[in-house]
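Inspection log for the structure reproduced underneath, given as structure tokens.
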Amino acid sequence: MPHQQQIRQLIAREAARLIYEEGLDYSAAKHKAGKAYGSDQALSRGHYLPANTEIHTQLRELMALYNPPDTDQQLDAMRYLALEFLQRLEPFSPYLTGDVLRGELTPHSLIELHLFADDPDEVEIFLNQQDIAFTAAPADAHQQEQQHLLSIDDQDFPLLCHVFPRSRRQQGLRSPIDGQPLPRASARQLQRLLENPPDDEETS
């Protein structure tokens, strides 16, 4: 294997481990994993940095090796909780996205919902009216779009709501893995998925 490809693979493996064990995102994991081999600029110039798709391949291997036997049951439970909140938050045109939709769980996976509102305060007011406990948090500076983050409290699984301007609903976001349109599912689509899961779906 060429030296360059060896380094790419080593960085990909370490980045995947950091995502799986520490819950880092792809960008942060790649940056941390590459530090042992040089600066981001030098690694990028020499084509030593792996693509996120390469890291994702390594991450799936870790899931296959280390996910517990009850991962399928956990995935179902997380999807049913997601469905409940997609229905409860219907005024904000919600979608499920992320690990739970893809069926790829790590120890740090959480239920991620995208909501759309003209003003984030609308969502907070609605949650208060529905007696749904939540915690507001500032958006990560690395996120692709301006957004407002709300963590739904007191649930069996962590649930994070990304609140975007309503004008962004039709445009969608790009996947951090492959740059393609980010997969998302409405309540109706998730209900169909729960009733008819793909035969080849892998969660571990």
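In the structure tokens, each chain is lettered A, B, ... as it comes, each chain's residues begin at 1, and ligands are numbered from 1 in order of appearance.
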
Q: Find the residues around range 47-63 of chain A up to 8 Å (only C-alpha atoms counted), leave out those fewer than 4 positions away in its own chain, and share them as a PyMOL selection string.
A: chain A and resi 4-5+7-9+11-13+15-17+19-20+26+30+34+40+43+67+104-106+176-178+203-204

Let's have the selection written as a PDB file, in the first residue's frame, with N, CA and C atoms.
```pdb
ATOM      1  N   GLN A   4       1.110   7.254   1.148  1.00  0.00           N
ATOM      2  CA  GLN A   4       0.005   8.207   1.226  1.00  0.00           C
ATOM      3  C   GLN A   4      -1.287   7.510   1.612  1.00  0.00           C
ATOM      4  N   GLN A   5      -1.577   6.385   0.974  1.00  0.00           N
ATOM      5  CA  GLN A   5      -2.811   5.664   1.264  1.00  0.00           C
ATOM      6  C   GLN A   5      -2.807   5.080   2.671  1.00  0.00           C
ATOM      7  N   ILE A   7      -1.426   6.422   5.310  1.00  0.00           N
ATOM      8  CA  ILE A   7      -1.744   7.518   6.238  1.00  0.00           C
ATOM      9  C   ILE A   7      -3.236   7.845   6.174  1.00  0.00           C
ATOM     10  N   ARG A   8      -3.784   7.908   4.962  1.00  0.00           N
ATOM     11  CA  ARG A   8      -5.220   8.175   4.830  1.00  0.00           C
ATOM     12  C   ARG A   8      -6.032   7.152   5.621  1.00  0.00           C
ATOM     13  N   GLN A   9      -5.669   5.894   5.512  1.00  0.00           N
ATOM     14  CA  GLN A   9      -6.409   4.835   6.186  1.00  0.00           C
ATOM     15  C   GLN A   9      -6.253   4.918   7.700  1.00  0.00           C
ATOM     16  N   ILE A  11      -5.629   7.628   9.464  1.00  0.00           N
ATOM     17  CA  ILE A  11      -6.414   8.777   9.930  1.00  0.00           C
ATOM     18  C   ILE A  11      -7.907   8.440   9.919  1.00  0.00           C
ATOM     19  N   ALA A  12      -8.348   7.752   8.877  1.00  0.00           N
ATOM     20  CA  ALA A  12      -9.763   7.376   8.790  1.00  0.00           C
ATOM     21  C   ALA A  12     -10.168   6.472   9.951  1.00  0.00           C
ATOM     22  N   ARG A  13      -9.310   5.506  10.278  1.00  0.00           N
ATOM     23  CA  ARG A  13      -9.616   4.584  11.377  1.00  0.00           C
ATOM     24  C   ARG A  13      -9.679   5.315  12.708  1.00  0.00           C
ATOM     25  N   ALA A  15     -10.184   8.566  13.197  1.00  0.00           N
ATOM     26  CA  ALA A  15     -11.332   9.477  13.196  1.00  0.00           C
ATOM     27  C   ALA A  15     -12.620   8.708  13.485  1.00  0.00           C
ATOM     28  N   ALA A  16     -12.758   7.526  12.885  1.00  0.00           N
ATOM     29  CA  ALA A  16     -13.939   6.706  13.142  1.00  0.00           C
ATOM     30  C   ALA A  16     -14.017   6.318  14.615  1.00  0.00           C
ATOM     31  N   ARG A  17     -12.874   5.979  15.201  1.00  0.00           N
ATOM     32  CA  ARG A  17     -12.851   5.627  16.627  1.00  0.00           C
ATOM     33  C   ARG A  17     -13.292   6.814  17.480  1.00  0.00           C
ATOM     34  N   ILE A  19     -15.250   9.275  16.608  1.00  0.00           N
ATOM     35  CA  ILE A  19     -16.691   9.463  16.432  1.00  0.00           C
ATOM     36  C   ILE A  19     -17.453   8.453  17.270  1.00  0.00           C
ATOM     37  N   TYR A  20     -17.015   7.199  17.223  1.00  0.00           N
ATOM     38  CA  TYR A  20     -17.719   6.134  17.928  1.00  0.00           C
ATOM     39  C   TYR A  20     -17.574   6.263  19.442  1.00  0.00           C
ATOM     40  N   TYR A  26     -17.582  14.635  12.182  1.00  0.00           N
ATOM     41  CA  TYR A  26     -16.571  14.219  11.206  1.00  0.00           C
ATOM     42  C   TYR A  26     -15.422  15.210  11.114  1.00  0.00           C
ATOM     43  N   LYS A  30     -11.639  14.207  12.247  1.00  0.00           N
ATOM     44  CA  LYS A  30     -10.575  14.178  11.238  1.00  0.00           C
ATOM     45  C   LYS A  30      -9.418  15.084  11.652  1.00  0.00           C
ATOM     46  N   GLY A  34      -5.705  13.600  12.581  1.00  0.00           N
ATOM     47  CA  GLY A  34      -4.604  13.943  11.694  1.00  0.00           C
ATOM     48  C   GLY A  34      -3.445  14.653  12.369  1.00  0.00           C
ATOM     49  N   ASP A  40      -3.356  20.351   9.238  1.00  0.00           N
ATOM     50  CA  ASP A  40      -4.449  20.132   8.284  1.00  0.00           C
ATOM     51  C   ASP A  40      -4.058  20.606   6.891  1.00  0.00           C
ATOM     52  N   LEU A  43      -1.500  18.157   5.308  1.00  0.00           N
ATOM     53  CA  LEU A  43      -2.155  16.885   4.988  1.00  0.00           C
ATOM     54  C   LEU A  43      -3.080  17.041   3.791  1.00  0.00           C
ATOM     55  N   ASN A  67     -21.170  -2.749  18.567  1.00  0.00           N
ATOM     56  CA  ASN A  67     -22.529  -2.454  19.004  1.00  0.00           C
ATOM     57  C   ASN A  67     -23.116  -3.645  19.759  1.00  0.00           C
ATOM     58  N   GLU A 104     -27.966   3.692  11.952  1.00  0.00           N
ATOM     59  CA  GLU A 104     -26.557   3.486  12.279  1.00  0.00           C
ATOM     60  C   GLU A 104     -26.263   4.127  13.637  1.00  0.00           C
ATOM     61  N   LEU A 105     -26.349   3.326  14.697  1.00  0.00           N
ATOM     62  CA  LEU A 105     -26.210   3.861  16.040  1.00  0.00           C
ATOM     63  C   LEU A 105     -24.802   3.681  16.582  1.00  0.00           C
ATOM     64  N   THR A 106     -24.322   4.704  17.269  1.00  0.00           N
ATOM     65  CA  THR A 106     -23.114   4.625  18.076  1.00  0.00           C
ATOM     66  C   THR A 106     -23.540   4.884  19.514  1.00  0.00           C
ATOM     67  N   PRO A 176     -23.060  15.523   5.935  1.00  0.00           N
ATOM     68  CA  PRO A 176     -21.630  15.678   6.199  1.00  0.00           C
ATOM     69  C   PRO A 176     -20.820  14.478   5.733  1.00  0.00           C
ATOM     70  N   ILE A 177     -21.487  13.382   5.402  1.00  0.00           N
ATOM     71  CA  ILE A 177     -20.777  12.168   4.992  1.00  0.00           C
ATOM     72  C   ILE A 177     -20.382  12.225   3.520  1.00  0.00           C
ATOM     73  N   ASP A 178     -21.365  12.499   2.665  1.00  0.00           N
ATOM     74  CA  ASP A 178     -21.073  12.445   1.227  1.00  0.00           C
ATOM     75  C   ASP A 178     -21.445  13.713   0.463  1.00  0.00           C
ATOM     76  N   THR A 203     -27.935  -2.030  11.601  1.00  0.00           N
ATOM     77  CA  THR A 203     -27.815  -1.097  12.712  1.00  0.00           C
ATOM     78  C   THR A 203     -26.614  -1.426  13.575  1.00  0.00           C
ATOM     79  N   SER A 204     -25.843  -2.405  13.178  1.00  0.00           N
ATOM     80  CA  SER A 204     -24.670  -2.743  13.984  1.00  0.00           C
ATOM     81  C   SER A 204     -23.564  -3.257  13.074  1.00  0.00           C
TER      82      SER A 204
END
```

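Residues surrounding Phe157 in chain A within 8 Å are Met78, Leu110 and Ile111 of chain A [only C-alpha atoms; sequence separation below 6 positions excluded].
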
Q: Pick out the closest residue to Phe85 in chain A from this set: A:Asn196, A:Gln171, A:Gln6, A:Gln155. Count only C-alpha atoms.
A: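 Of the candidates, the smallest distance to Phe85 in chain A is held by A:Gln155.
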
Q. Excluding same-chain residues fewer than 4 positions from Ala137 in chain A, what lies within 10 Å of it counting only C-alpha atoms, as a PyMOL selection string?
A. chain A and resi 148-151+160

Among range 1-203 of chain A, which ones does DSSP place in strand (DSSP E), written as a PDB file with C-alpha atoms, in the first residue's frame?
```pdb
ATOM      1  CA  TYR A  95     -38.360  15.809   9.961  1.00  0.00           C
ATOM      2  CA  LEU A  96     -36.231  13.068  11.484  1.00  0.00           C
ATOM      3  CA  THR A  97     -32.639  12.916  10.282  1.00  0.00           C
ATOM      4  CA  ILE A 111     -32.631  11.610  17.929  1.00  0.00           C
ATOM      5  CA  GLU A 112     -32.242  14.619  15.650  1.00  0.00           C
ATOM      6  CA  LEU A 113     -35.263  16.547  14.432  1.00  0.00           C
ATOM      7  CA  HIS A 114     -35.329  19.474  12.028  1.00  0.00           C
ATOM      8  CA  LEU A 115     -38.044  22.040  12.777  1.00  0.00           C
ATOM      9  CA  PHE A 116     -38.981  25.144  10.812  1.00  0.00           C
ATOM     10  CA  PHE A 134     -36.415  21.545  27.112  1.00  0.00           C
ATOM     11  CA  THR A 135     -33.058  23.267  27.284  1.00  0.00           C
ATOM     12  CA  ALA A 136     -31.965  25.878  24.756  1.00  0.00           C
ATOM     13  CA  ALA A 137     -28.374  25.828  23.530  1.00  0.00           C
ATOM     14  CA  HIS A 148     -31.381  27.326  17.009  1.00  0.00           C
ATOM     15  CA  LEU A 149     -30.855  24.209  19.114  1.00  0.00           C
ATOM     16  CA  LEU A 150     -33.303  22.827  21.656  1.00  0.00           C
ATOM     17  CA  SER A 151     -32.653  19.715  23.716  1.00  0.00           C
ATOM     18  CA  ILE A 152     -35.840  17.927  24.794  1.00  0.00           C
ATOM     19  CA  LEU A 159     -33.498  14.295  21.553  1.00  0.00           C
ATOM     20  CA  LEU A 160     -32.141  17.388  19.804  1.00  0.00           C
ATOM     21  CA  CYS A 161     -34.215  19.812  17.737  1.00  0.00           C
ATOM     22  CA  HIS A 162     -32.539  21.975  15.105  1.00  0.00           C
ATOM     23  CA  VAL A 163     -34.785  24.975  14.449  1.00  0.00           C
ATOM     24  CA  PHE A 164     -34.304  26.582  11.024  1.00  0.00           C
TER      25      PHE A 164
END
```

Q. Do you have the CA of Pro165 in chain A-CA of Phe126 in chain A distance handy?
A.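 It comes out at 16.0 Å.
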
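Counting only C-alpha atoms, the residue from A:Gly23, A:His3, A:Pro68, A:Leu89 that sits nearest to Tyr37 in chain A is A:His3.
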
(Q) Let's see if you can do this: from backbone DSSP, list all helix (DSSP H, G or I) residues in chain A, as a VMD selection string. (A) chain A and resid 3 to 22 26 to 37 40 to 45 52 to 66 71 to 88 90 to 92 99 to 102 120 to 129 166 to 168 187 to 195

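Minimum distance to Ala117 in chain A across A:Gly38, A:Asp154, A:Pro197, A:Ser167 (counting only C-alpha atoms) occurs at A:Ser167.
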